[in-house]
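These notes are about the structure you will find just below.
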Amino acid sequence: MQEASRHPYPAPAAPDDRLPVTILTGYLGAGKTTLLNRILSEDHGRRYAVIVNEFGEIGIDNELVVDTDEELFEMNNGCVCCTVRGDLIRTLHGLLARPGRFEAIIIETTGLADPGPVAQTFLVDQSLLARTRLDSVTTVVDAHNIRRQLEHSADAAEQIAFADQIVLNKTELVGAEELPRIESLLRGLNPLAPIHRSRRADVALDSILNRGGFDIDRIGTLMQEAPAPHAHDHAHEGGHSAHAHHGHECEEDHDGCGHDHATACDHECGHDHDHHGHEHEHAHEASHIHQSGISSISLTSHRPMDEARISHWLGRLVTEQGADILRAKGIIDVAGDDRRLVFQSVHMLLEGDWQRPWRPGEQRCSRLVFIGRKLEEKGLPQAFEACAAESP
Ligand SMILES: Nc1nc2c(ncn2[C@@H]2O[C@H](COP(=O)(O)OP(=O)(O)OP(=O)(O)O)[C@@H](O)[C@H]2O)c(=O)[nH]1
């Protein structure tokens with residue numbers, strides 16, 4: 001990707017033996033410490049260094065952690081969305097000065113922290129990039145309180161928006177019929193992150209640790225594992241245009257291209273109604289979320305893309321709109337190339353890579369997911385469609 005390479009995350013030489021880093025986030029009282037204790041007490045044979053809350057406050061081994069003040073820096077490009085944590089960088093260097101004491105790092109952020117600057121720290125600091133790799137942002141959600149939290153806090157929504165994994169905790173406190181509605185609400189903010197239901201954070205640890213949420217080599221697989229957007233009633237268009245799906249997901253298994261099953265779906269929508277015209281009807285649910293301003297949009301196109309156009313568009317989009325676009329991921333079908341082009345971004349940091357060829361019989365299509373603010377205003381479906389290669 002030409003344009004994308006203006007902001008690449010430097011790729012390490014394989015094999016990747018850098019220390020995996022998990023960022024544990026979630027609103028006040030969601031169950032982060034409960035999950036952390038589970039990770040630390042389970043017999044998985046891995047030693048973790050832990051950085052908790054105000055960085056340096058507590059650690060598995062306190063001596064490994066230096067005391068610091070809260071401190072945010074803008075990155076060199078001067079963009080206010082691209083902040084990194086000076087305190088975290090120093091704390092990590094303190095840890096890394098003692099190699100061999102641990103094999104992985106967990107950072108538990110405060111319940112009110114925006115995980116963006118924490119994640120970006122690992123993507124831009126060259127010395128950290130050489131020794132650590134961001135594995136995932138895991139967000140713990142309090143099933144009982146999340147609606148209220150989303151109504152009142154942009155932080156709660158950002159924590160979900162940034163997640164690679166969502167642990168939906170305290171599930172015993174809400175009725176069985178309410179859980180799918182909450183999941184639907186969460187998918188409106190983040191259609192890609194798998195949701196793991198839990199009680200006292202009793203989630204299978206191998207489903208959240210070492211999943212490679214920021215590993216470009218695994219983005220394609222992770223996107224296909226994620227529930228794809230539902231096609232609603234667009235299939236009659238023959239899959240020749242980019243379909244936009246705002247914050248509404250289908251839980252059926254299919255090929256990830258979200259185009260060939262326009263039948264009414266039977267998932268929970270958060271309120272009683274029939275299942276025609278979902279995008280309109282979901283506005284009720286969305287209006288709560290929109291107080292935080294965050295939503296997601298999924299685009300699918302069955303027209304092969306022109307490489308130069310799509311690279312240019314994505315590069316420009318994150319450069320100019322990166323403050324609003326918290327995260328984006330995509331698999332692109334490029335005209336005249338047998339390989340899948342995969343990309344991901346965090347704010348303005350964009351990485352793209354060619355990956356395995358499309359498999360025989362695999363449906364070629366391009367699928368992009370954007371999570372952020374004011375997405376509706378950005379003309380994303382039209383701009384995406386304009387990147388299609390000319391018809392042969
Ligand atoms: N009922 C119920 N309570 C839970 C569950 N998980 C955790 N708790 C309780 O919820 C409270 C908050 O849990 P913590 O793990 O401290 O949450 P936290 O996210 O670390 O909280 P802060 O650090 O304050 O943001 C504690 O009293 C836990 O015992 C659960 O699944 N169900």
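Convention: chains lettered A, B, ... in structure tokens order; per-chain residue numbering from 1; ligands numbered from 1 as shown.
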
Legend entry - Within 8 Å of ligand 1 (only C-alpha atoms and all ligand atoms), residues as a ChimeraX atom specification: /A:25-36,53,110-112,140,142,169-173,198-202

Take the residues from that selection and put them in a file with N, CA and C atoms, as a CSV table (one decimal), in the first residue's frame.
```csv
chain,number,residue,atom,x,y,z
A,25,THR,N,-9.0,-2.9,29.9
A,25,THR,CA,-9.7,-1.7,30.1
A,25,THR,C,-11.1,-2.0,30.4
A,26,GLY,N,-11.9,-1.0,30.7
A,26,GLY,CA,-13.3,-1.2,31.1
A,26,GLY,C,-13.7,-0.1,32.1
A,27,TYR,N,-15.0,0.1,32.2
A,27,TYR,CA,-15.5,1.2,33.0
A,27,TYR,C,-15.3,0.9,34.5
A,28,LEU,N,-15.4,1.9,35.4
A,28,LEU,CA,-15.3,1.7,36.8
A,28,LEU,C,-16.1,0.5,37.3
A,29,GLY,N,-15.5,-0.4,38.0
A,29,GLY,CA,-16.2,-1.5,38.6
A,29,GLY,C,-16.6,-2.6,37.7
A,30,ALA,N,-16.2,-2.6,36.5
A,30,ALA,CA,-16.6,-3.6,35.5
A,30,ALA,C,-16.1,-5.0,35.8
A,31,GLY,N,-15.0,-5.1,36.4
A,31,GLY,CA,-14.4,-6.4,36.7
A,31,GLY,C,-13.0,-6.6,36.2
A,32,LYS,N,-12.3,-5.5,36.0
A,32,LYS,CA,-10.9,-5.6,35.4
A,32,LYS,C,-10.0,-6.3,36.4
A,33,THR,N,-10.1,-5.9,37.7
A,33,THR,CA,-9.2,-6.5,38.7
A,33,THR,C,-9.6,-8.0,38.9
A,34,THR,N,-10.8,-8.3,38.8
A,34,THR,CA,-11.3,-9.7,38.9
A,34,THR,C,-10.7,-10.5,37.8
A,35,LEU,N,-10.7,-9.9,36.6
A,35,LEU,CA,-10.1,-10.7,35.5
A,35,LEU,C,-8.6,-10.8,35.6
A,36,LEU,N,-8.0,-9.7,36.1
A,36,LEU,CA,-6.5,-9.7,36.2
A,36,LEU,C,-6.2,-10.8,37.3
A,53,ASN,N,-3.4,0.8,36.9
A,53,ASN,CA,-3.9,2.1,37.2
A,53,ASN,C,-2.9,3.2,36.9
A,110,THR,N,-7.1,2.7,34.2
A,110,THR,CA,-8.1,3.1,35.2
A,110,THR,C,-9.5,3.1,34.4
A,111,GLY,N,-10.5,3.0,35.2
A,111,GLY,CA,-11.9,2.9,34.6
A,111,GLY,C,-12.3,4.0,33.8
A,112,LEU,N,-11.6,5.2,34.0
A,112,LEU,CA,-12.0,6.4,33.2
A,112,LEU,C,-11.0,6.7,32.1
A,140,VAL,N,-13.5,-5.0,29.6
A,140,VAL,CA,-14.5,-5.7,30.5
A,140,VAL,C,-15.7,-4.8,30.6
A,142,ASP,N,-19.5,-4.2,32.2
A,142,ASP,CA,-20.5,-4.6,33.3
A,142,ASP,C,-21.9,-4.7,32.7
A,169,ASN,N,-19.2,-9.0,31.5
A,169,ASN,CA,-19.1,-9.6,32.8
A,169,ASN,C,-20.4,-9.3,33.6
A,170,LYS,N,-20.6,-10.0,34.7
A,170,LYS,CA,-21.7,-9.8,35.6
A,170,LYS,C,-23.0,-10.2,34.9
A,171,THR,N,-22.9,-11.2,34.1
A,171,THR,CA,-24.1,-11.6,33.2
A,171,THR,C,-25.2,-12.2,34.1
A,172,GLU,N,-24.8,-12.6,35.3
A,172,GLU,CA,-25.9,-13.2,36.2
A,172,GLU,C,-26.8,-12.1,36.7
A,173,LEU,N,-26.4,-10.9,36.6
A,173,LEU,CA,-27.2,-9.8,37.1
A,173,LEU,C,-28.3,-9.3,36.1
A,198,SER,N,-19.3,-13.6,30.8
A,198,SER,CA,-18.6,-14.1,32.0
A,198,SER,C,-19.4,-13.8,33.3
A,199,ARG,N,-19.1,-14.6,34.3
A,199,ARG,CA,-19.5,-14.3,35.7
A,199,ARG,C,-18.2,-14.2,36.4
A,200,ARG,N,-18.0,-13.2,37.2
A,200,ARG,CA,-16.7,-13.0,37.9
A,200,ARG,C,-15.5,-13.3,36.9
A,201,ALA,N,-15.7,-12.8,35.7
A,201,ALA,CA,-14.6,-12.8,34.7
A,201,ALA,C,-14.1,-14.2,34.5
A,202,ASP,N,-15.0,-15.2,34.5
A,202,ASP,CA,-14.6,-16.6,34.3
A,202,ASP,C,-14.5,-16.9,32.8
```

Legend entry - Spatial neighbours of Arg133 (chain A), max dist 8 Å, only C-alpha atoms, sep filter under 5 positions, as a PyMOL selection string: chain A and resi 18-21+122+128

Emit the selected residues as a JSON list (two decimals), in the first residue's frame, including N, CA and C atoms.
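selection03.json was written with the following content:
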```
[["chain", "number", "residue", "atom", "x", "y", "z"],
["A", 18, "ARG", "N", 8.92, -10.88, 20.51],
["A", 18, "ARG", "CA", 8.73, -9.71, 21.38],
["A", 18, "ARG", "C", 7.70, -10.04, 22.47],
["A", 19, "LEU", "N", 7.76, -9.31, 23.56],
["A", 19, "LEU", "CA", 6.84, -9.56, 24.67],
["A", 19, "LEU", "C", 5.42, -9.12, 24.31],
["A", 20, "PRO", "N", 4.45, -10.01, 24.43],
["A", 20, "PRO", "CA", 3.08, -9.59, 24.14],
["A", 20, "PRO", "C", 2.52, -8.70, 25.26],
["A", 21, "VAL", "N", 1.77, -7.69, 24.85],
["A", 21, "VAL", "CA", 1.19, -6.74, 25.81],
["A", 21, "VAL", "C", -0.33, -6.77, 25.67],
["A", 122, "PHE", "N", 2.44, 1.83, 22.06],
["A", 122, "PHE", "CA", 3.12, 0.62, 21.59],
["A", 122, "PHE", "C", 3.30, 0.61, 20.07],
["A", 128, "LEU", "N", 10.15, 0.61, 22.05],
["A", 128, "LEU", "CA", 9.17, -0.37, 22.55],
["A", 128, "LEU", "C", 8.78, -1.34, 21.45]]
```

Inset, instruction - Within region 106-213 of chain A, find each residue whose DSSP state, derived from the backbone, is alpha helix (DSSP H), and express the selection as a ChimeraX atom specification. - result: /A:115-124,126-131,146-152,154-161,179-189

Legend entry - Atomic separation - CA of Lys329 (chain A) relative to CA of Arg187 (chain A), Å: 14.9 Å

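Reported to one decimal place, the separation of CA of Asp164 (chain A) from CA of Val346 (chain A) is 12.0 Å.
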
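Of the listed residues (A:Gly213, A:Gly315, A:Gly336, A:Pro304), A:Pro304 comes nearest to Glu385 (chain A); the distances count only C-alpha atoms.
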
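Between CA of Ile182 (chain A) and CA of Ile294 (chain A) the interatomic distance comes to 16.0 Å.
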
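Nearest residue to Ser295 (chain A) among A:Val334, A:Leu185, A:Leu341, A:Val137 is A:Leu185, counting only C-alpha atoms.
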
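For the choices A:Leu168, A:Val141, A:Leu209, A:Ile325, the atom-to-atom distance to Ile195 (chain A) is smallest for A:Leu168 when using only C-alpha atoms.
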
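Of the listed residues A:Gly116, A:Ala204, A:Asn210, A:Leu123, the one whose atoms come nearest to Ala323 (chain A) is A:Gly116, with distances taken using only C-alpha atoms.
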
Inset, instruction - Among the residues of region 8-214 of chain A, find those DSSP assigns to strand (DSSP E or B) from the backbone and print them as a PyMOL selection string. - result: chain A and resi 19-26+48-52+72-74+83-85+104-108+132-142+165-169+195-197

Inset, instruction - Please identify all polymer residues within 9 Å of Arg101 (chain A), counting only C-alpha atoms, omitting same-chain residues fewer than 6 positions from it, and present them as a PyMOL selection string. - result: chain A and resi 47-49+95
